[in-house]
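start25.txt follows (compact mmCIF, C-alpha atoms):
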```
# COMPACT_ATOMS: atom_id res chain seq x y z
CA MET A 24 -47.50 -47.33 -11.72
CA HIS A 25 -46.55 -46.26 -15.23
CA ARG A 26 -48.85 -43.23 -14.93
CA THR A 27 -47.23 -42.28 -11.59
CA TRP A 28 -43.75 -42.28 -13.11
CA SER A 29 -45.04 -40.19 -16.01
CA ILE A 30 -46.40 -37.59 -13.59
CA PHE A 31 -43.05 -37.47 -11.71
CA LEU A 32 -41.19 -37.03 -15.01
CA ILE A 33 -43.45 -34.17 -16.08
CA LEU A 34 -43.06 -32.44 -12.71
CA PHE A 35 -39.26 -32.89 -12.84
CA LEU A 36 -39.09 -31.28 -16.28
CA ILE A 37 -41.29 -28.38 -15.12
CA PHE A 38 -39.20 -27.68 -12.00
CA SER A 39 -35.98 -28.01 -13.99
CA GLY A 40 -37.21 -25.44 -16.48
CA LEU A 41 -38.28 -23.05 -13.72
CA SER A 42 -34.88 -23.43 -11.98
CA LEU A 43 -33.00 -22.68 -15.20
CA TYR A 44 -35.19 -19.63 -15.85
CA ALA A 45 -34.61 -18.34 -12.30
CA GLN A 46 -30.83 -18.73 -12.68
CA GLN A 47 -30.85 -16.84 -15.96
CA GLY A 48 -32.90 -14.08 -14.38
CA ALA A 49 -30.47 -13.84 -11.46
CA TYR A 50 -27.53 -13.43 -13.83
CA GLN A 51 -29.40 -10.78 -15.81
CA GLU A 52 -30.13 -8.85 -12.62
CA GLU A 53 -26.41 -8.33 -11.88
CA ASP A 54 -25.32 -4.75 -12.30
CA PRO A 55 -23.32 -4.58 -15.57
CA ASP A 56 -21.42 -1.60 -14.16
CA ASP A 57 -20.28 -3.50 -11.05
CA PRO A 58 -16.44 -3.56 -11.22
CA TYR A 59 -16.38 -6.66 -8.96
CA PRO A 60 -18.92 -9.21 -10.26
CA GLU A 61 -18.99 -12.68 -8.76
CA THR A 62 -18.12 -14.32 -12.10
CA GLY A 63 -15.73 -13.60 -14.93
CA PHE A 64 -12.70 -12.94 -12.70
CA GLU A 65 -10.38 -12.51 -15.69
CA GLU A 66 -12.45 -9.56 -16.90
CA ILE A 67 -12.46 -7.61 -13.63
CA MET A 68 -11.28 -4.03 -13.99
CA THR A 69 -10.39 -1.60 -11.20
CA ALA A 70 -12.90 1.20 -10.85
CA ASP A 71 -11.62 4.62 -11.86
CA TYR A 72 -10.86 7.03 -9.04
CA SER A 73 -12.70 10.32 -8.82
CA PRO A 74 -11.58 13.68 -7.40
CA GLY A 75 -12.23 13.59 -3.68
CA ASP A 76 -11.60 9.85 -3.22
CA LYS A 77 -9.42 9.00 -0.22
CA ASN A 78 -7.54 6.04 1.19
CA PHE A 79 -5.73 5.22 4.42
CA THR A 80 -2.68 2.94 4.42
CA VAL A 81 -1.01 0.94 7.21
CA SER A 82 2.46 -0.46 6.41
CA ALA A 83 5.06 -2.54 8.22
CA GLY A 84 8.43 -3.98 7.21
CA VAL A 85 12.12 -3.23 7.34
CA ALA A 86 14.48 -0.30 6.74
CA ILE A 87 17.86 -1.41 5.37
CA PRO A 88 20.89 0.90 5.85
CA LEU A 89 22.76 1.24 2.56
CA PHE A 90 25.59 3.75 2.47
CA PHE A 91 26.51 6.95 4.28
CA SER A 92 28.58 9.70 2.71
CA GLY A 93 31.21 11.22 4.99
CA ILE A 94 32.00 7.99 6.86
CA ASP A 95 33.37 4.56 6.02
CA ASN A 96 30.40 2.59 4.69
CA ASN A 97 31.67 -0.55 6.36
CA SER A 98 31.78 1.07 9.78
CA HIS A 99 28.41 2.82 10.14
CA GLY A 100 27.43 0.06 12.60
CA ILE A 101 23.66 0.17 11.91
CA SER A 102 21.76 -3.08 11.44
CA VAL A 103 18.56 -3.73 9.51
CA GLY A 104 15.73 -2.07 11.42
CA GLY A 105 11.99 -2.45 11.86
CA PHE A 106 9.66 0.07 10.26
CA GLY A 107 5.97 1.02 10.38
CA SER A 108 3.91 3.87 8.94
CA LEU A 109 0.47 5.42 8.57
CA ALA A 110 -0.38 7.36 5.41
CA PHE A 111 -3.38 9.25 4.06
CA ASN A 112 -4.00 10.07 0.39
CA TYR A 113 -6.53 12.45 -1.17
CA PHE A 114 -7.10 12.31 -4.92
CA ILE A 115 -7.11 15.68 -6.70
CA THR A 116 -7.80 13.98 -10.04
CA GLN A 117 -8.35 10.36 -11.08
CA ARG A 118 -4.57 9.81 -10.96
CA PHE A 119 -2.88 12.56 -8.92
CA PHE A 120 -3.02 12.52 -5.12
CA VAL A 121 -1.66 14.44 -2.14
CA GLY A 122 -1.51 13.49 1.52
CA GLY A 123 0.60 12.96 4.59
CA GLU A 124 2.63 10.27 6.32
CA LEU A 125 3.80 9.47 9.85
CA SER A 126 6.27 6.64 10.40
CA GLY A 127 8.87 5.24 12.75
CA MET A 128 12.05 3.18 12.47
CA PHE A 129 14.28 1.50 15.04
CA ALA A 130 17.58 -0.28 14.43
CA GLY A 131 20.28 -1.78 16.58
CA THR A 132 23.89 -0.65 16.45
CA ARG A 133 27.17 -2.47 16.76
CA GLY A 134 27.54 -1.35 20.36
CA GLY A 135 24.19 -2.89 21.34
CA ASN A 136 22.32 0.42 21.44
CA MET A 137 19.31 1.61 19.45
CA LEU A 138 18.86 4.27 16.78
CA TYR A 139 15.36 5.76 16.39
CA ILE A 140 14.11 7.80 13.43
CA VAL A 141 10.54 9.15 13.26
CA PRO A 142 9.92 10.58 9.76
CA PHE A 143 6.79 12.59 8.98
CA GLY A 144 5.81 14.90 6.16
CA LEU A 145 3.71 15.67 3.12
CA ARG A 146 3.47 13.34 0.16
CA MET A 147 2.25 13.54 -3.40
CA GLY A 148 2.06 11.05 -6.21
CA TYR A 149 0.56 9.65 -9.38
CA GLN A 150 -1.24 6.32 -9.61
CA PHE A 151 -1.33 3.93 -12.57
CA THR A 152 -4.00 1.20 -12.76
CA TYR A 153 -4.33 -2.08 -14.63
CA ARG A 154 -7.30 -4.31 -13.92
CA ARG A 155 -7.15 -4.96 -10.17
CA PHE A 156 -3.59 -3.67 -9.84
CA GLU A 157 -2.87 -0.11 -8.67
CA ILE A 158 0.67 1.28 -8.90
CA PRO A 159 1.19 4.59 -7.07
CA VAL A 160 4.49 6.44 -7.49
CA SER A 161 5.05 8.93 -4.67
CA LEU A 162 7.42 11.46 -3.14
CA MET A 163 7.43 12.33 0.56
CA ILE A 164 9.30 15.39 1.89
CA GLY A 165 9.39 16.14 5.57
CA ALA A 166 11.30 15.97 8.82
CA ALA A 167 13.13 13.05 10.42
CA PRO A 168 13.79 13.46 14.17
CA GLN A 169 16.57 11.07 15.23
CA GLN A 170 17.64 9.80 18.61
CA TYR A 171 20.74 7.79 19.60
CA LEU A 172 21.55 7.46 23.31
CA GLU A 173 21.50 11.03 24.61
CA LYS A 174 22.08 12.57 21.21
CA GLY A 175 19.20 13.95 19.19
CA TYR A 176 18.98 15.52 15.75
CA PHE A 177 16.07 17.10 13.91
CA GLY A 178 16.71 16.77 10.18
CA LEU A 179 15.24 16.50 6.72
CA ILE A 180 14.04 13.44 4.83
CA VAL A 181 13.32 13.01 1.12
CA LYS A 182 11.65 9.71 0.23
CA PRO A 183 10.67 8.67 -3.32
CA GLY A 184 8.83 5.37 -3.55
CA VAL A 185 6.71 3.02 -5.63
CA SER A 186 4.03 0.50 -4.60
CA VAL A 187 2.02 -2.28 -6.20
CA PHE A 188 -1.45 -2.92 -4.75
CA TRP A 189 -4.01 -5.59 -5.58
CA ARG A 190 -7.62 -4.48 -5.15
CA TYR A 191 -9.27 -7.20 -3.08
CA ASN A 192 -12.70 -5.51 -3.05
CA PRO A 193 -14.09 -1.96 -3.24
CA ASP A 194 -12.98 -1.26 0.35
CA TRP A 195 -9.56 -2.93 0.68
CA SER A 196 -6.38 -3.41 -1.28
CA PHE A 197 -3.10 -5.06 -0.27
CA GLY A 198 0.38 -4.51 -1.61
CA ILE A 199 4.13 -4.13 -1.34
CA ASN A 200 6.21 -0.95 -1.20
CA GLY A 201 9.76 0.10 -1.89
CA ALA A 202 11.18 3.51 -1.00
CA TRP A 203 14.54 5.24 -0.84
CA TRP A 204 15.37 7.39 2.17
CA LEU A 205 17.77 10.29 1.87
CA VAL A 206 18.43 11.51 5.42
CA PRO A 207 21.04 14.28 5.62
CA GLN A 208 22.70 15.54 8.79
CA TRP A 209 24.28 19.00 8.91
CA PRO A 210 25.69 19.27 12.44
CA LYS A 211 27.31 22.40 13.78
CA ASN A 212 30.78 20.83 13.70
CA GLY A 213 30.58 20.69 9.91
CA ASN A 214 30.87 16.88 9.56
CA ASN A 215 27.97 16.59 7.13
CA THR A 216 26.59 13.10 6.49
CA PHE A 217 23.99 11.83 4.03
CA GLY A 218 22.33 8.60 5.19
CA ASN A 219 20.66 6.33 2.62
CA PHE A 220 18.14 3.64 3.59
CA LEU A 221 15.98 1.23 1.61
CA GLU A 222 12.44 0.70 2.89
CA LEU A 223 10.63 -2.57 2.07
CA THR A 224 7.13 -2.99 3.50
CA LEU A 225 3.78 -4.74 3.19
CA SER A 226 0.61 -2.63 3.28
CA ALA A 227 -3.12 -2.78 3.80
CA ARG A 228 -5.05 0.12 2.27
CA TYR A 229 -8.62 1.08 3.18
CA HIS A 230 -10.57 3.08 0.59
CA LEU A 231 -12.88 5.68 2.08
```

Encoded form (structure tokens):
Amino acid sequence: MHRTWSIFLILFLIFSGLSLYAQQGAYQEEDPDDPYPETGFEEIMTADYSPGDKNFTVSAGVAIPLFFSGIDNNSHGISVGGFGSLAFNYFITQRFFVGGELSGMFAGTRGGNMLYIVPFGLRMGYQFTYRRFEIPVSLMIGAAPQQYLEKGYFGLIVKPGVSVFWRYNPDWSFGINGAWWLVPQWPKNGNNTFGNFLELTLSARYHL
């Protein structure tokens, strides 16, 4: 019996040593250049972008009416509206990108009707990175078709914005966005108005 236990002890020590060696070999086989290793979360760094990299962003949130020049700010009658957008970015350098955006906003009015704005245009920006965080600063310039009851207007939109994304893995990142809308109207009757909205959205970004 004593000899049997000795054999089991020797076998246990052998298998323990082999298991430890296999684990060490597995850790050594990890790619040291992998920006997303399974261990050492606090040391994870976001991979640098390269010219030609692309991403596609889906966003949804709210558009908040702020103030409107040319009318009484307390009587514009527009409520907080829903907002969604699709955007595409193409990196010219590791930091600078260009692209396009298509979006839509709807908001109720005091009279129980709906205002629709469908902005679209070209965008450009510069992206800062820190570990898994990516902070793009952008400017979109384009058109903003508007519809209220039977009245329509095709106008301009200028939209500077900033976002903060967290890189979940090499393919996906998730973040929040804030943007300022400047939406002027220059109707034929000369009653020019400059609408200002604040956009607050959540985004999912797919990296191609």

TODO: Counting all atoms listed in the file, find the residues whose atoms lie at most 6 Å from (23.9, 6.4, 1.8) (file coordinates) and write them out as number ranges by chain.
DONE: A: 89-92, 217-219

Task: 8 Å contact set for segment 139-152 of chain A, all atoms listed in the file, chain neighbours under 4 positions out, as number ranges by chain - done: A: 69, 118-130, 156-171, 180

Skipping near chain neighbours, those fewer than 6 positions away, what residues fall within 9 Å of segment 226-229 of chain A using only C-alpha atoms, listed as a CSV table (one decimal) with C-alpha atoms, keeping the file's coordinate frame?
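The result, stored in selection32.csv:
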```
chain,number,residue,atom,x,y,z
A,77,LYS,CA,-9.4,9.0,-0.2
A,78,ASN,CA,-7.5,6.0,1.2
A,79,PHE,CA,-5.7,5.2,4.4
A,80,THR,CA,-2.7,2.9,4.4
A,81,VAL,CA,-1.0,0.9,7.2
A,82,SER,CA,2.5,-0.5,6.4
A,83,ALA,CA,5.1,-2.5,8.2
A,84,GLY,CA,8.4,-4.0,7.2
A,188,PHE,CA,-1.4,-2.9,-4.8
A,193,PRO,CA,-14.1,-2.0,-3.2
A,194,ASP,CA,-13.0,-1.3,0.4
A,195,TRP,CA,-9.6,-2.9,0.7
A,196,SER,CA,-6.4,-3.4,-1.3
A,197,PHE,CA,-3.1,-5.1,-0.3
A,198,GLY,CA,0.4,-4.5,-1.6
A,199,ILE,CA,4.1,-4.1,-1.3
A,200,ASN,CA,6.2,-1.0,-1.2
```

Task: Pairwise distance for atom CA of Phe114 of chain A and atom CA of Ser186 of chain A, rounded to one decimal in Å - done: 16.2 Å

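Residues near the point (10.2, 1.5, -2.5), at a distance of 7 Å or less over all atoms listed in the file, make up Gly184, Val185, Ser186, Asn200, Gly201, Ala202, Trp203, Glu222 and Leu223 of chain A.
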
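For the pair atom CA of Gly175 of chain A and atom CA of Leu109 of chain A, the interatomic distance is 23.2 Å.
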
Task: For Asp76 of chain A, the nearest of the candidates A:Ile115, A:Leu221, A:Leu138, A:Leu205, counting only C-alpha atoms - done: A:Ile115

Task: Thr132 of chain A environment, 12 Å, only C-alpha atoms, sequence neighbours closer than 5 positions dropped, as a list in words - done: Pro88, Ser98, His99, Gly100, Ile101, Ser102, Val103, Gly104, Met137, Leu138, Tyr139, Tyr171 and Leu172 of chain A

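Comparing A:Phe220, A:Tyr153, A:Tyr72, A:Phe177 by their smallest distance to Val85 of chain A, the closest is A:Phe220 (using only C-alpha atoms).
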
Open item on the list: Nearest residue to Thr224 of chain A out of A:Arg155, A:Val187, A:Gly135, A:Tyr176, using all atoms listed in the file?
Closed with: A:Val187

- [ ] Could you please determine the separation between atom CA of Gly107 of chain A and atom CA of His230 of chain A in Å, to one decimal place?
- [x] 19.3 Å

Open item on the list: I'd like to know which of A:Asn192, A:Ser73, A:Thr216, A:Asn136 is closest to Thr116 of chain A, using only C-alpha atoms.
Closed with: A:Ser73

Task: From A:Leu225, A:Val206, A:Ala110, A:Ile87, residue lying nearest Leu179 of chain A [all atoms listed in the file] - done: A:Val206
